[in-house]
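Chemist: Dropping in query_20.tsv, with TSV, C-alpha atoms.
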```
chain	number	residue	atom	x	y	z
A	1	MET	CA	97.63	108.13	88.17
A	2	THR	CA	96.22	107.90	84.63
A	3	LYS	CA	93.28	110.23	83.96
A	4	VAL	CA	90.49	109.00	81.67
A	5	ALA	CA	87.40	110.74	80.34
A	6	VAL	CA	84.55	108.48	79.20
A	7	PHE	CA	81.87	110.06	77.01
A	8	GLY	CA	78.57	108.20	77.11
A	9	THR	CA	76.50	106.95	80.06
A	10	GLY	CA	74.92	104.01	78.24
A	11	SER	CA	75.47	100.48	79.52
A	12	TRP	CA	78.83	99.88	77.80
A	13	GLY	CA	80.27	103.34	78.42
A	14	THR	CA	79.34	103.12	82.11
A	15	THR	CA	80.65	99.57	82.42
A	16	PHE	CA	83.97	100.43	80.80
A	17	ALA	CA	84.26	103.46	83.08
A	18	MET	CA	83.71	101.09	86.01
A	19	VAL	CA	86.47	98.77	84.75
A	20	LEU	CA	88.88	101.69	84.32
A	21	THR	CA	88.11	103.04	87.79
A	22	GLU	CA	88.52	99.69	89.51
A	23	ALA	CA	91.80	99.23	87.61
A	24	GLY	CA	93.15	102.23	89.53
A	25	ASN	CA	92.60	105.14	87.14
A	26	GLU	CA	91.03	108.55	87.80
A	27	VAL	CA	87.88	108.41	85.65
A	28	THR	CA	85.25	111.03	84.84
A	29	LEU	CA	82.09	109.93	83.04
A	30	TRP	CA	80.36	112.48	80.82
A	31	GLY	CA	76.61	112.35	80.23
A	32	ARG	CA	74.19	114.72	78.55
A	33	ARG	CA	71.35	114.39	81.11
A	34	GLN	CA	71.91	116.17	84.40
A	35	GLU	CA	69.45	113.99	86.31
A	36	LEU	CA	71.27	110.77	85.40
A	37	VAL	CA	74.70	112.29	86.08
A	38	ASP	CA	73.47	113.40	89.51
A	39	VAL	CA	72.24	109.89	90.34
A	40	ILE	CA	75.59	108.38	89.30
A	41	ASP	CA	77.47	110.90	91.46
A	42	ARG	CA	75.20	110.61	94.52
A	43	SER	CA	74.08	106.98	94.49
A	44	HIS	CA	76.91	105.37	92.50
A	45	MET	CA	74.40	103.63	90.25
A	46	ASN	CA	73.27	104.06	86.66
A	47	THR	CA	69.59	103.43	87.25
A	48	ASP	CA	68.67	103.86	83.58
A	49	TYR	CA	71.08	101.40	81.97
A	50	LEU	CA	72.62	99.24	84.72
A	51	PRO	CA	69.97	99.02	87.46
A	52	GLY	CA	71.15	97.18	90.54
A	53	VAL	CA	74.85	97.44	89.68
A	54	ALA	CA	77.01	99.22	92.25
A	55	LEU	CA	79.49	101.61	90.64
A	56	PRO	CA	82.79	102.45	92.37
A	57	PRO	CA	82.50	105.57	94.57
A	58	ALA	CA	85.66	106.99	92.97
A	59	LEU	CA	83.92	107.24	89.58
A	60	ARG	CA	82.78	110.81	89.01
A	61	ALA	CA	80.18	112.06	86.50
A	62	THR	CA	79.54	115.41	84.86
A	63	THR	CA	77.64	117.10	82.04
A	64	ASP	CA	80.54	119.50	81.45
A	65	PRO	CA	82.83	118.19	78.66
A	66	GLU	CA	85.61	120.62	79.55
A	67	ARG	CA	85.68	119.31	83.11
A	68	ALA	CA	85.70	115.71	81.93
A	69	LEU	CA	88.55	116.34	79.49
A	70	ASP	CA	90.76	118.38	81.82
A	71	GLY	CA	94.14	116.63	81.94
A	72	ALA	CA	92.84	113.41	80.36
A	73	ASP	CA	95.42	110.93	79.10
A	74	PHE	CA	92.74	108.84	77.36
A	75	VAL	CA	89.39	110.00	75.95
A	76	VAL	CA	86.97	107.11	75.57
A	77	LEU	CA	84.05	107.65	73.17
A	78	ALA	CA	80.94	105.54	73.76
A	79	VAL	CA	78.13	107.51	72.12
A	80	PRO	CA	75.87	106.11	69.35
A	81	SER	CA	78.00	105.91	66.20
A	82	GLN	CA	75.76	108.15	64.10
A	83	LEU	CA	76.05	110.91	66.72
A	84	LEU	CA	79.83	110.84	67.01
A	85	ARG	CA	80.64	113.48	64.40
A	86	PRO	CA	78.48	116.36	65.72
A	87	ASN	CA	79.38	115.63	69.35
A	88	LEU	CA	83.11	115.35	68.75
A	89	ALA	CA	83.06	118.60	66.81
A	90	VAL	CA	81.90	120.29	70.04
A	91	TRP	CA	84.31	118.45	72.35
A	92	ARG	CA	87.50	118.64	70.28
A	93	ALA	CA	88.51	122.12	71.45
A	94	HIS	CA	88.98	120.79	74.98
A	95	ILE	CA	90.84	117.55	74.14
A	96	PRO	CA	94.39	117.62	75.58
A	97	PRO	CA	97.02	117.74	72.80
A	98	GLU	CA	98.59	114.35	73.63
A	99	ALA	CA	95.48	112.44	74.67
A	100	VAL	CA	94.69	109.11	73.01
A	101	LEU	CA	91.13	108.87	71.65
A	102	VAL	CA	89.52	105.47	72.17
A	103	SER	CA	86.45	104.21	70.32
A	104	LEU	CA	84.04	101.77	71.97
A	105	MET	CA	81.57	102.31	69.12
A	106	LYS	CA	80.58	99.57	66.67
A	107	GLY	CA	79.15	101.20	63.60
A	108	ILE	CA	79.81	102.62	60.13
A	109	GLU	CA	78.86	106.24	59.51
A	110	LEU	CA	75.89	106.82	57.22
A	111	GLY	CA	76.69	108.84	54.12
A	112	THR	CA	80.48	108.67	54.38
A	113	THR	CA	80.80	104.88	55.06
A	114	LYS	CA	83.68	105.75	57.39
A	115	ARG	CA	84.70	103.61	60.33
A	116	MET	CA	84.57	105.31	63.72
A	117	SER	CA	88.36	105.67	63.96
A	118	GLU	CA	88.32	107.45	60.60
A	119	VAL	CA	85.64	109.85	61.82
A	120	ILE	CA	87.65	110.53	64.98
A	121	ARG	CA	90.83	111.25	63.04
A	122	GLU	CA	88.99	113.55	60.64
A	123	VAL	CA	86.98	115.55	63.18
A	124	ALA	CA	89.56	115.75	65.98
A	125	GLU	CA	92.43	116.21	63.48
A	126	VAL	CA	94.68	113.71	65.23
A	127	PRO	CA	97.21	111.27	63.74
A	128	GLU	CA	96.45	107.56	63.37
A	129	LYS	CA	98.72	106.62	66.29
A	130	ARG	CA	96.52	108.61	68.71
A	131	VAL	CA	93.36	106.65	67.91
A	132	ALA	CA	92.60	103.24	69.42
A	133	VAL	CA	89.65	100.85	69.29
A	134	VAL	CA	88.25	98.48	71.91
A	135	SER	CA	86.08	95.62	70.63
A	136	GLY	CA	85.19	92.03	71.36
A	137	PRO	CA	82.52	89.86	73.00
A	138	ASN	CA	81.77	92.46	75.66
A	139	LEU	CA	78.16	92.17	76.80
A	140	ALA	CA	77.98	95.06	79.24
A	141	LYS	CA	75.64	93.50	81.79
A	142	GLU	CA	77.88	90.46	82.27
A	143	ILE	CA	81.01	92.58	82.71
A	144	ALA	CA	79.18	94.93	85.09
A	145	GLN	CA	78.40	91.84	87.19
A	146	ARG	CA	82.13	91.09	87.31
A	147	GLN	CA	81.86	88.01	85.11
A	148	PRO	CA	85.10	87.13	83.26
A	149	ALA	CA	85.53	88.63	79.80
A	150	ALA	CA	88.24	89.45	77.30
A	151	THR	CA	88.49	92.21	74.73
A	152	VAL	CA	90.79	93.49	71.98
A	153	VAL	CA	92.65	96.80	72.12
A	154	ALA	CA	93.67	97.88	68.62
A	155	CYS	CA	96.00	100.66	67.54
A	156	THR	CA	98.49	100.98	64.71
A	157	ASP	CA	101.05	102.12	67.31
A	158	GLU	CA	101.88	99.07	69.41
A	159	SER	CA	103.14	101.15	72.34
A	160	VAL	CA	99.83	103.03	72.54
A	161	ALA	CA	97.90	99.76	72.44
A	162	GLU	CA	100.03	98.44	75.29
A	163	ARG	CA	99.43	101.58	77.36
A	164	LEU	CA	95.68	101.25	76.90
A	165	GLN	CA	95.89	97.54	77.65
A	166	ALA	CA	97.58	98.34	80.96
A	167	VAL	CA	94.99	100.89	82.09
A	168	CYS	CA	91.99	98.61	81.43
A	169	HIS	CA	93.45	95.28	82.57
A	170	LEU	CA	91.54	94.22	85.68
A	171	PRO	CA	92.50	90.76	86.93
A	172	PRO	CA	90.93	88.33	87.31
A	173	TRP	CA	87.83	89.27	85.33
A	174	PHE	CA	88.72	91.65	82.48
A	175	ARG	CA	91.58	90.72	80.13
A	176	PRO	CA	92.54	92.88	77.11
A	177	TYR	CA	94.63	91.63	74.17
A	178	THR	CA	96.41	93.95	71.72
A	179	ASN	CA	96.14	93.92	67.92
A	180	PRO	CA	97.56	96.38	65.35
A	181	ASP	CA	94.72	95.63	62.87
A	182	VAL	CA	92.37	98.55	63.52
A	183	VAL	CA	90.50	97.98	60.25
A	184	GLY	CA	89.71	94.34	61.00
A	185	VAL	CA	88.76	94.95	64.62
A	186	GLU	CA	86.36	97.74	63.67
A	187	LEU	CA	84.76	95.82	60.80
A	188	GLY	CA	84.22	92.79	63.01
A	189	GLY	CA	82.48	94.93	65.61
A	190	ALA	CA	80.29	96.80	63.13
A	191	VAL	CA	79.19	94.04	60.76
A	192	LYS	CA	78.45	91.46	63.47
A	193	ASN	CA	75.53	93.68	64.55
A	194	VAL	CA	74.01	93.28	61.09
A	195	ILE	CA	74.40	89.49	61.20
A	196	ALA	CA	72.88	89.44	64.70
A	197	LEU	CA	69.79	91.17	63.32
A	198	ALA	CA	69.46	88.37	60.76
A	199	VAL	CA	69.89	85.67	63.41
A	200	GLY	CA	67.33	87.41	65.60
A	201	VAL	CA	64.81	87.62	62.77
A	202	SER	CA	65.18	83.89	62.09
A	203	ALA	CA	64.74	83.08	65.80
A	204	GLY	CA	61.66	85.30	65.98
A	205	MET	CA	60.19	83.39	63.04
A	206	GLY	CA	60.67	80.14	64.96
A	207	MET	CA	63.66	78.89	62.98
A	208	GLY	CA	66.11	76.57	64.71
A	209	ASP	CA	69.80	76.28	65.41
A	210	ASN	CA	70.67	75.08	61.90
A	211	VAL	CA	69.58	78.41	60.51
A	212	SER	CA	71.42	80.34	63.22
A	213	ALA	CA	74.62	78.39	62.55
A	214	MET	CA	74.28	79.00	58.82
A	215	LEU	CA	73.80	82.74	59.27
A	216	ILE	CA	76.67	83.05	61.75
A	217	THR	CA	79.18	81.19	59.60
A	218	ARG	CA	78.10	82.74	56.32
A	219	GLY	CA	78.01	86.09	58.12
A	220	LEU	CA	81.63	85.57	59.10
A	221	ALA	CA	82.39	84.97	55.43
A	222	GLU	CA	80.77	88.32	54.57
A	223	ILE	CA	82.82	90.10	57.23
A	224	SER	CA	85.99	88.40	55.97
A	225	ARG	CA	85.32	89.37	52.34
A	226	LEU	CA	84.78	93.00	53.25
A	227	GLY	CA	87.85	92.94	55.47
A	228	ALA	CA	89.99	91.53	52.67
A	229	ALA	CA	88.84	94.31	50.35
A	230	LEU	CA	89.80	96.94	52.94
A	231	GLY	CA	93.17	95.45	53.77
A	232	ALA	CA	92.38	93.85	57.14
A	233	ASP	CA	94.35	90.93	58.54
A	234	PRO	CA	92.26	87.76	57.95
A	235	HIS	CA	93.46	86.31	61.26
A	236	THR	CA	91.56	89.05	63.11
A	237	PHE	CA	88.23	87.52	62.12
A	238	ALA	CA	89.11	84.19	63.73
A	239	GLY	CA	89.73	85.90	67.08
A	240	LEU	CA	87.85	87.73	69.82
A	241	ALA	CA	87.05	90.80	67.71
A	242	GLY	CA	85.75	88.61	64.88
A	243	MET	CA	84.23	85.22	65.62
A	244	GLY	CA	84.13	85.85	69.38
A	245	ASP	CA	82.08	89.02	69.13
A	246	LEU	CA	79.92	87.55	66.37
A	247	VAL	CA	78.95	84.49	68.43
A	248	ALA	CA	78.17	86.49	71.57
A	249	THR	CA	76.07	89.07	69.74
A	250	CYS	CA	74.18	86.53	67.65
A	251	THR	CA	73.34	84.10	70.48
A	252	SER	CA	72.93	86.08	73.71
A	253	PRO	CA	69.54	87.31	74.95
A	254	LEU	CA	71.47	90.34	76.24
A	255	SER	CA	72.31	91.36	72.66
A	256	ARG	CA	70.33	94.42	71.58
A	257	ASN	CA	70.69	93.64	67.88
A	258	ARG	CA	69.59	90.02	68.21
A	259	THR	CA	66.62	91.09	70.36
A	260	PHE	CA	65.68	93.79	67.84
A	261	GLY	CA	65.74	91.19	65.06
A	262	GLU	CA	63.67	88.74	67.10
A	263	ASN	CA	60.93	91.32	67.50
A	264	LEU	CA	60.91	91.97	63.76
A	265	GLY	CA	60.73	88.22	63.13
A	266	ARG	CA	57.71	87.95	65.44
A	267	GLY	CA	55.85	90.43	63.25
A	268	MET	CA	56.36	93.76	65.00
A	269	THR	CA	56.80	96.78	62.75
A	270	LEU	CA	60.05	98.74	62.73
A	271	ALA	CA	58.35	101.63	64.54
A	272	GLU	CA	57.01	99.28	67.22
A	273	VAL	CA	60.41	97.70	67.82
A	274	VAL	CA	62.16	101.09	67.96
A	275	ALA	CA	59.59	102.29	70.50
A	276	ALA	CA	60.18	99.21	72.64
A	277	THR	CA	63.99	99.44	72.48
A	278	LYS	CA	65.61	101.54	75.22
A	279	GLN	CA	69.16	101.45	73.88
A	280	THR	CA	70.70	101.85	70.43
A	281	ALA	CA	70.84	98.73	68.28
A	282	GLU	CA	73.72	99.88	66.08
A	283	GLY	CA	73.03	97.42	63.27
A	284	VAL	CA	69.68	99.03	62.47
A	285	LYS	CA	71.32	102.10	60.95
A	286	SER	CA	74.73	100.67	60.18
A	287	CYS	CA	73.33	97.93	57.96
A	288	GLU	CA	72.73	100.57	55.28
A	289	SER	CA	76.23	102.03	55.55
A	290	VAL	CA	77.80	98.54	55.67
A	291	LEU	CA	75.99	97.64	52.46
A	292	ALA	CA	77.04	100.93	50.84
A	293	LEU	CA	80.65	100.25	51.86
A	294	ALA	CA	80.46	96.74	50.39
A	295	ARG	CA	79.06	98.00	47.10
A	296	LYS	CA	81.75	100.69	46.94
A	297	HIS	CA	84.35	97.92	47.03
A	298	ASP	CA	82.36	95.44	44.89
A	299	VAL	CA	81.97	92.95	47.76
A	300	GLU	CA	79.04	90.53	47.78
A	301	MET	CA	77.14	90.54	51.11
A	302	PRO	CA	73.76	88.82	50.63
A	303	ILE	CA	72.83	88.57	54.32
A	304	THR	CA	73.48	92.27	54.77
A	305	GLU	CA	71.36	92.99	51.68
A	306	VAL	CA	68.31	91.16	53.04
A	307	VAL	CA	68.73	92.76	56.47
A	308	VAL	CA	68.55	96.17	54.83
A	309	GLY	CA	65.51	94.95	52.91
A	310	VAL	CA	63.69	93.82	56.05
A	311	VAL	CA	64.67	96.73	58.28
A	312	HIS	CA	64.34	99.61	55.82
A	313	ASP	CA	62.64	98.55	52.59
A	314	GLY	CA	59.52	96.71	53.73
A	315	MET	CA	60.68	93.19	52.80
A	316	SER	CA	59.00	90.48	54.84
A	317	PRO	CA	61.21	88.11	56.88
A	318	ALA	CA	59.77	85.17	54.90
A	319	GLU	CA	60.71	86.80	51.61
A	320	ALA	CA	64.21	87.50	52.93
A	321	GLY	CA	64.66	83.86	53.86
A	322	MET	CA	63.47	82.73	50.47
A	323	LEU	CA	65.91	85.05	48.71
A	324	LEU	CA	68.86	83.74	50.71
A	325	MET	CA	67.99	80.07	50.24
A	326	SER	CA	67.28	80.39	46.51
A	327	ARG	CA	70.67	81.91	45.65
A	328	SER	CA	72.88	79.83	43.37
A	329	PRO	CA	75.07	77.47	45.45
A	330	LYS	CA	78.82	78.11	45.39
A	331	PRO	CA	81.84	76.21	46.73
A	332	GLU	CA	82.09	76.54	50.52
A	333	ARG	CA	85.53	77.90	51.35
A	334	TYR	CA	86.82	80.08	54.17
A	335	GLY	CA	86.17	83.70	53.36
A	336	VAL	CA	84.01	82.95	50.31
```
Go ahead and express the file in the form of C-alpha cells.
Modeler:
Amino acid sequence: MTKVAVFGTGSWGTTFAMVLTEAGNEVTLWGRRQELVDVIDRSHMNTDYLPGVALPPALRATTDPERALDGADFVVLAVPSQLLRPNLAVWRAHIPPEAVLVSLMKGIELGTTKRMSEVIREVAEVPEKRVAVVSGPNLAKEIAQRQPAATVVACTDESVAERLQAVCHLPPWFRPYTNPDVVGVELGGAVKNVIALAVGVSAGMGMGDNVSAMLITRGLAEISRLGAALGADPHTFAGLAGMGDLVATCTSPLSRNRTFGENLGRGMTLAEVVAATKQTAEGVKSCESVLALARKHDVEMPITEVVVGVVHDGMSPAEAGMLLMSRSPKPERYGV
C-alpha cells in the first residue's frame, strides 16, 4: 500500500487527502492545530473548512510531522504558499530519502519570485524529478461532495507523474491527466488567482459578462506571455491547468479569489475583506510577486498591474477600470 503524508488541513489539502484515502492509499494528514486534528481523528470531519462532509475513517490526522512523514512515498504540501519555505525547513529532516514531494499550492513566493516547485527543490535539496505539481479546476467543496472533476499531475519525470496519477485516480469522479510542463502548470495555477481578483472586482462593481469575458481572455493572454518568457509549453494554457482552472476560478462563487475581489469591488477596504475571509486567497499576495516576475522578464501584464494597484496601492476599482480601457489598442492575437 502506498503511504502518503498530506501537510495542510485547509479545504483543498483535506479534500485531496480524502481522494487519496478513498483511492486505497494509507494517508496521514498533518495539521498545526491540535483541536482540529482531534476532531478529524474522532469525528472524521473537518468542521472548520469542510463542514458537513464525511471523511473516510481510514484517514488519520496528527500534529507530529515526523509521524506523518514516517515511511511516506509521497509528501503532499498544501500550506499557504508564502508559508512553505519556513515550514519545509522544519519538516525536511524527516522526509524519506526517496519520497516524491507534491505541491498543491498556487502561488509565487514574495521576494524571490520562485514557483513553489523551485522553493521545494531549494529547501528540501531534492532533484527536479522528485518534485511534482497538481493543478487544475479543482474547487475543493465540489470534489469533497464527490462531484466529477479532473486535474493535471505535472512532473519532468514521466514515470513519477504516472505513479502519482495512479495513486490519486478515483473513478468515476476524480480523473488526473499527466503533463511534463511543470512551469506552465504552475504559472497557470498561480496567475489565474490574480485574474480572478480582477473579475471579482468587476462583478462587485456591477459590471456584466462582457467585462468578465474580456478579463478572462485577456488574462489568459497575460499568463501565456509570461509562460512563453519562462519556457512553458503554450499548449498547457489551453488545457485544464490553464483555461480550465482560469474559468472555474473566475466564475465560481466557491472561488476565494473571485469572492475577495467582489468584496473589494463593493467598496470594502482590504482590511475588512481580509477580516471576513476565513481561508487564504493566494492571489492577494501573489499578485505582487507575479508582477515582479513579469517585470524581471520584461513581460507586459496590465491586468496584473491594476490588481496590485487596487489590492496594495490604494487605487480605486473605477480608476483601475479606466486605466485598462484607455490603453492603446493592439492587434488581438493568441498570446498577445
Chemist: Just give me the gap between atom CA of Glu98 of chain A and atom CA of Val133 of chain A in Å, one decimal is fine.
Modeler: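 Straight-line distance from atom CA of Glu98 of chain A to atom CA of Val133 of chain A works out to 16.8 Å.
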Chemist: Once you count only C-alpha atoms, which residues end up no further than 10 Å from (83.1, 106.8, 68.7) in the file's frame, shown as an NGL selection string?
Modeler: :A and (7-8 or 76-85 or 87-88 or 101-107 or 115-120 or 133)
Chemist: Just the selected residues (C-alpha atoms), exported as an mmCIF file, keeping the file's coordinate frame, please.
Modeler:
```cif
data_model
loop_
_atom_site.group_PDB
_atom_site.id
_atom_site.type_symbol
_atom_site.label_atom_id
_atom_site.label_comp_id
_atom_site.auth_asym_id
_atom_site.auth_seq_id
_atom_site.Cartn_x
_atom_site.Cartn_y
_atom_site.Cartn_z
ATOM 1 C CA PHE A 7 81.870 110.060 77.010
ATOM 2 C CA GLY A 8 78.570 108.200 77.110
ATOM 3 C CA VAL A 76 86.970 107.110 75.570
ATOM 4 C CA LEU A 77 84.050 107.650 73.170
ATOM 5 C CA ALA A 78 80.940 105.540 73.760
ATOM 6 C CA VAL A 79 78.130 107.510 72.120
ATOM 7 C CA PRO A 80 75.870 106.110 69.350
ATOM 8 C CA SER A 81 78.000 105.910 66.200
ATOM 9 C CA GLN A 82 75.760 108.150 64.100
ATOM 10 C CA LEU A 83 76.050 110.910 66.720
ATOM 11 C CA LEU A 84 79.830 110.840 67.010
ATOM 12 C CA ARG A 85 80.640 113.480 64.400
ATOM 13 C CA ASN A 87 79.380 115.630 69.350
ATOM 14 C CA LEU A 88 83.110 115.350 68.750
ATOM 15 C CA LEU A 101 91.130 108.870 71.650
ATOM 16 C CA VAL A 102 89.520 105.470 72.170
ATOM 17 C CA SER A 103 86.450 104.210 70.320
ATOM 18 C CA LEU A 104 84.040 101.770 71.970
ATOM 19 C CA MET A 105 81.570 102.310 69.120
ATOM 20 C CA LYS A 106 80.580 99.570 66.670
ATOM 21 C CA GLY A 107 79.150 101.200 63.600
ATOM 22 C CA ARG A 115 84.700 103.610 60.330
ATOM 23 C CA MET A 116 84.570 105.310 63.720
ATOM 24 C CA SER A 117 88.360 105.670 63.960
ATOM 25 C CA GLU A 118 88.320 107.450 60.600
ATOM 26 C CA VAL A 119 85.640 109.850 61.820
ATOM 27 C CA ILE A 120 87.650 110.530 64.980
ATOM 28 C CA VAL A 133 89.650 100.850 69.290
#
```
Chemist: Once you count all atoms listed in the file, which residues end up no further than 8 Å from (80.5, 102.4, 94.1) in the file's frame, shown as an mmCIF file with C-alpha atoms, in the frame of the given file?
Modeler:
```
data_model
loop_
_atom_site.group_PDB
_atom_site.id
_atom_site.type_symbol
_atom_site.label_atom_id
_atom_site.label_comp_id
_atom_site.auth_asym_id
_atom_site.auth_seq_id
_atom_site.Cartn_x
_atom_site.Cartn_y
_atom_site.Cartn_z
ATOM 1 C CA SER A 43 74.080 106.980 94.490
ATOM 2 C CA HIS A 44 76.910 105.370 92.500
ATOM 3 C CA MET A 45 74.400 103.630 90.250
ATOM 4 C CA ALA A 54 77.010 99.220 92.250
ATOM 5 C CA LEU A 55 79.490 101.610 90.640
ATOM 6 C CA PRO A 56 82.790 102.450 92.370
ATOM 7 C CA PRO A 57 82.500 105.570 94.570
ATOM 8 C CA ALA A 58 85.660 106.990 92.970
ATOM 9 C CA LEU A 59 83.920 107.240 89.580
#
```
Chemist: For Val199 of chain A, find every residue with an atom within 7 Å (counting all atoms listed in the file), except residues of its own chain fewer than 6 positions away, and show them as a VMD selection string.
Modeler: chain A and resid 212 215 250 258
Chemist: Would you compute the distance between atom CA of Gly204 of chain A and atom CA of Glu142 of chain A? Give it in Å to one decimal.
Modeler: 23.6 Å
Chemist: Mind giving me the straight-line distance from atom CA of Glu272 of chain A to atom CA of Val311 of chain A in Å, one decimal?
Modeler: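 The value is 12.0 Å.
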